[in-house]
Amino acid sequence: MVGSLVSRTGRHLQRYNNRGRRLVVGCIPYRYKSGSKGCKDEELEVLVITSQKGQGMLFPKGGWELDESVEEAASREALEEAGVVGNVEGELGKWSFKSKSRGTFYEGRMFPLMITEQLELWPEMNFRQRIWMSAAEAREVCQHWWMKEALDILVDRLKQSNTEQDVQLCSLD
């Protein structure tokens, strides 16, 4: 995938809800680290990034803009902030939260992003670090309560999905 190496800036295209809250969209990039055994011996890994100021870890997120769908916004944020591309899956939820730095309320939505490509160059590579880790480790280091809740929902969803697939795949052996 070839994309722009420049992040979008400014708020002129920013979406707001009917209460004046800025709409924020994020995603939890994930992949499976394959094991050496057969039937579903794979470990879930999620990608966390440092905040721009380097003061904490979080998942990619940013403003949802007028010229894009909510899924496009989630995908764009993952590309800009973490340098990953993938498939946006079903919404994990919607949260209302207060910005620590601005003291204003936001409405945030989170999506899973199954990674298909990790880029060597990406727009915010000079401002952020990206680190793959287990979901449990990510839950410990993530600085936002609402992102932790989204991660819990994703882990539960994937466990349920994997259990159903295990029954189907392992019964074929």
# chains A, B, ... in the order shown; residues from 1 in each chain; ligands from 1
$ closest_atom_pairs --of "range 50-104 of chain A" --to "range 14-29 of chain A" --cutoff "9 Å" --atoms "only C-alpha atoms" --output "JSON lines"
{"residue": "A:Phe59", "atom": "CA", "partner": "A:Ile28", "partner_atom": "CA", "distance": 5.9}
{"residue": "A:Pro60", "atom": "CA", "partner": "A:Gly26", "partner_atom": "CA", "distance": 5.4}
{"residue": "A:Lys61", "atom": "CA", "partner": "A:Gly26", "partner_atom": "CA", "distance": 3.8}
{"residue": "A:Gly62", "atom": "CA", "partner": "A:Val24", "partner_atom": "CA", "distance": 5.2}
{"residue": "A:Gly63", "atom": "CA", "partner": "A:Val24", "partner_atom": "CA", "distance": 4.5}
{"residue": "A:Trp64", "atom": "CA", "partner": "A:Val24", "partner_atom": "CA", "distance": 5.5}
{"residue": "A:Glu65", "atom": "CA", "partner": "A:Gln14", "partner_atom": "CA", "distance": 4.5}
{"residue": "A:Leu66", "atom": "CA", "partner": "A:Arg15", "partner_atom": "CA", "distance": 5.8}
{"residue": "A:Val70", "atom": "CA", "partner": "A:Val25", "partner_atom": "CA", "distance": 7.0}
{"residue": "A:Glu71", "atom": "CA", "partner": "A:Val25", "partner_atom": "CA", "distance": 8.4}
{"residue": "A:Ala73", "atom": "CA", "partner": "A:Val25", "partner_atom": "CA", "distance": 6.5}
{"residue": "A:Ala74", "atom": "CA", "partner": "A:Gly26", "partner_atom": "CA", "distance": 5.1}
{"residue": "A:Ser75", "atom": "CA", "partner": "A:Cys27", "partner_atom": "CA", "distance": 7.6}
{"residue": "A:Glu77", "atom": "CA", "partner": "A:Gly26", "partner_atom": "CA", "distance": 6.8}
{"residue": "A:Ala78", "atom": "CA", "partner": "A:Cys27", "partner_atom": "CA", "distance": 6.9}
{"residue": "A:Ala82", "atom": "CA", "partner": "A:Pro29", "partner_atom": "CA", "distance": 8.8}
{"residue": "A:Val84", "atom": "CA", "partner": "A:Pro29", "partner_atom": "CA", "distance": 7.7}
{"residue": "A:Val85", "atom": "CA", "partner": "A:Pro29", "partner_atom": "CA", "distance": 8.7}
{"residue": "A:Gly86", "atom": "CA", "partner": "A:Pro29", "partner_atom": "CA", "distance": 8.0}
{"residue": "A:Val88", "atom": "CA", "partner": "A:Cys27", "partner_atom": "CA", "distance": 8.0}
{"residue": "A:Ser96", "atom": "CA", "partner": "A:Arg21", "partner_atom": "CA", "distance": 9.0}
{"residue": "A:Thr104", "atom": "CA", "partner": "A:Arg21", "partner_atom": "CA", "distance": 7.9}
$ select_by_dssp --residues "chain A" --states "strand (DSSP E or B)" --output "JSON, numbers by chain"
{"A": [14, 16, 22, 23, 24, 25, 26, 27, 28, 29, 30, 31, 32, 33, 34, 42, 43, 44, 45, 46, 47, 48, 49, 50, 57, 58, 61, 62, 63, 65, 84, 85, 86, 87, 88, 93, 94, 95, 96, 97, 98, 105, 106, 107, 108, 109, 110, 111, 112, 113, 114, 115, 116, 117, 118, 130, 131, 132, 133, 134, 142]}
$ select_by_dssp --residues "chain A" --states "helix (DSSP H, G or I)" --output "ChimeraX atom specification"
/A:70-82,135-141,145-170
$ residues_around --residues "Lys148 in chain A" --least-positions-apart "6" --cutoff "10 Å" --atoms "only C-alpha atoms" --output "list in words"
Leu58, Phe59, Ala135, Ala136, Ala138, Arg139, Glu140, Val141, Cys142 and Leu154 of chain A
$ atom_distance --atom1 "CA of Val48 in chain A" --atom2 "CA of Leu113 in chain A"
12.3 Å
$ atom_distance --atom1 "CA of Lys98 in chain A" --atom2 "CA of Arg128 in chain A"
22.7 Å
$ closest_residue --among "A:Met125, A:Pro112, A:Glu149, A:Asn162" --to "Ile49 in chain A" --atoms "only C-alpha atoms"
A:Met125
$ atom_distance --atom1 "CA of Leu158 in chain A" --atom2 "CA of Met133 in chain A"
16.1 Å
$ closest_residue --among "A:Gln55, A:Ser101, A:Thr50, A:Ser69" --to "Glu81 in chain A" --atoms "only C-alpha atoms"
A:Thr50
$ residues_around --residues "Lys33 in chain A" --least-positions-apart "4" --cutoff "9 Å" --atoms "only C-alpha atoms" --output "NGL selection string"
:A and (41-45)
$ write_last_selection --atoms "all heavy atoms" --output "CSV table (one decimal), in the first residue's frame"
chain,number,residue,atom,x,y,z
A,41,ASP,N,-2.8,-22.8,18.1
A,41,ASP,CA,-1.8,-22.5,19.1
A,41,ASP,C,-1.2,-21.1,18.7
A,41,ASP,O,-0.1,-21.0,18.3
A,41,ASP,CB,-0.7,-23.6,19.1
A,41,ASP,CG,0.3,-23.3,20.2
A,41,ASP,OD1,-0.1,-22.6,21.2
A,41,ASP,OD2,1.4,-23.7,20.0
A,42,GLU,N,-2.1,-20.1,18.7
A,42,GLU,CA,-1.7,-18.8,18.3
A,42,GLU,C,-1.9,-17.8,19.4
A,42,GLU,O,-2.9,-17.9,20.1
A,42,GLU,CB,-2.4,-18.4,17.0
A,42,GLU,CG,-2.2,-19.2,15.9
A,42,GLU,CD,-3.1,-18.8,14.7
A,42,GLU,OE1,-4.2,-18.4,14.9
A,42,GLU,OE2,-2.6,-19.0,13.5
A,43,GLU,N,-1.0,-16.9,19.6
A,43,GLU,CA,-1.1,-15.9,20.7
A,43,GLU,C,-1.5,-14.6,20.1
A,43,GLU,O,-0.9,-14.1,19.1
A,43,GLU,CB,0.3,-15.7,21.4
A,43,GLU,CG,0.2,-14.8,22.5
A,43,GLU,CD,1.6,-14.6,23.1
A,43,GLU,OE1,2.5,-15.4,22.9
A,43,GLU,OE2,1.8,-13.5,23.8
A,44,LEU,N,-2.5,-14.0,20.6
A,44,LEU,CA,-3.0,-12.6,20.2
A,44,LEU,C,-2.0,-11.6,20.6
A,44,LEU,O,-1.5,-11.6,21.8
A,44,LEU,CB,-4.3,-12.3,20.9
A,44,LEU,CG,-4.9,-10.9,20.7
A,44,LEU,CD1,-5.3,-10.7,19.2
A,44,LEU,CD2,-6.1,-10.7,21.6
A,45,GLU,N,-1.6,-10.7,19.7
A,45,GLU,CA,-0.8,-9.6,20.0
A,45,GLU,C,-1.5,-8.3,19.5
A,45,GLU,O,-2.2,-8.3,18.5
A,45,GLU,CB,0.6,-9.7,19.2
A,45,GLU,CG,1.5,-10.7,19.6
A,45,GLU,CD,2.8,-10.7,18.9
A,45,GLU,OE1,2.8,-10.6,17.6
A,45,GLU,OE2,3.8,-10.7,19.6
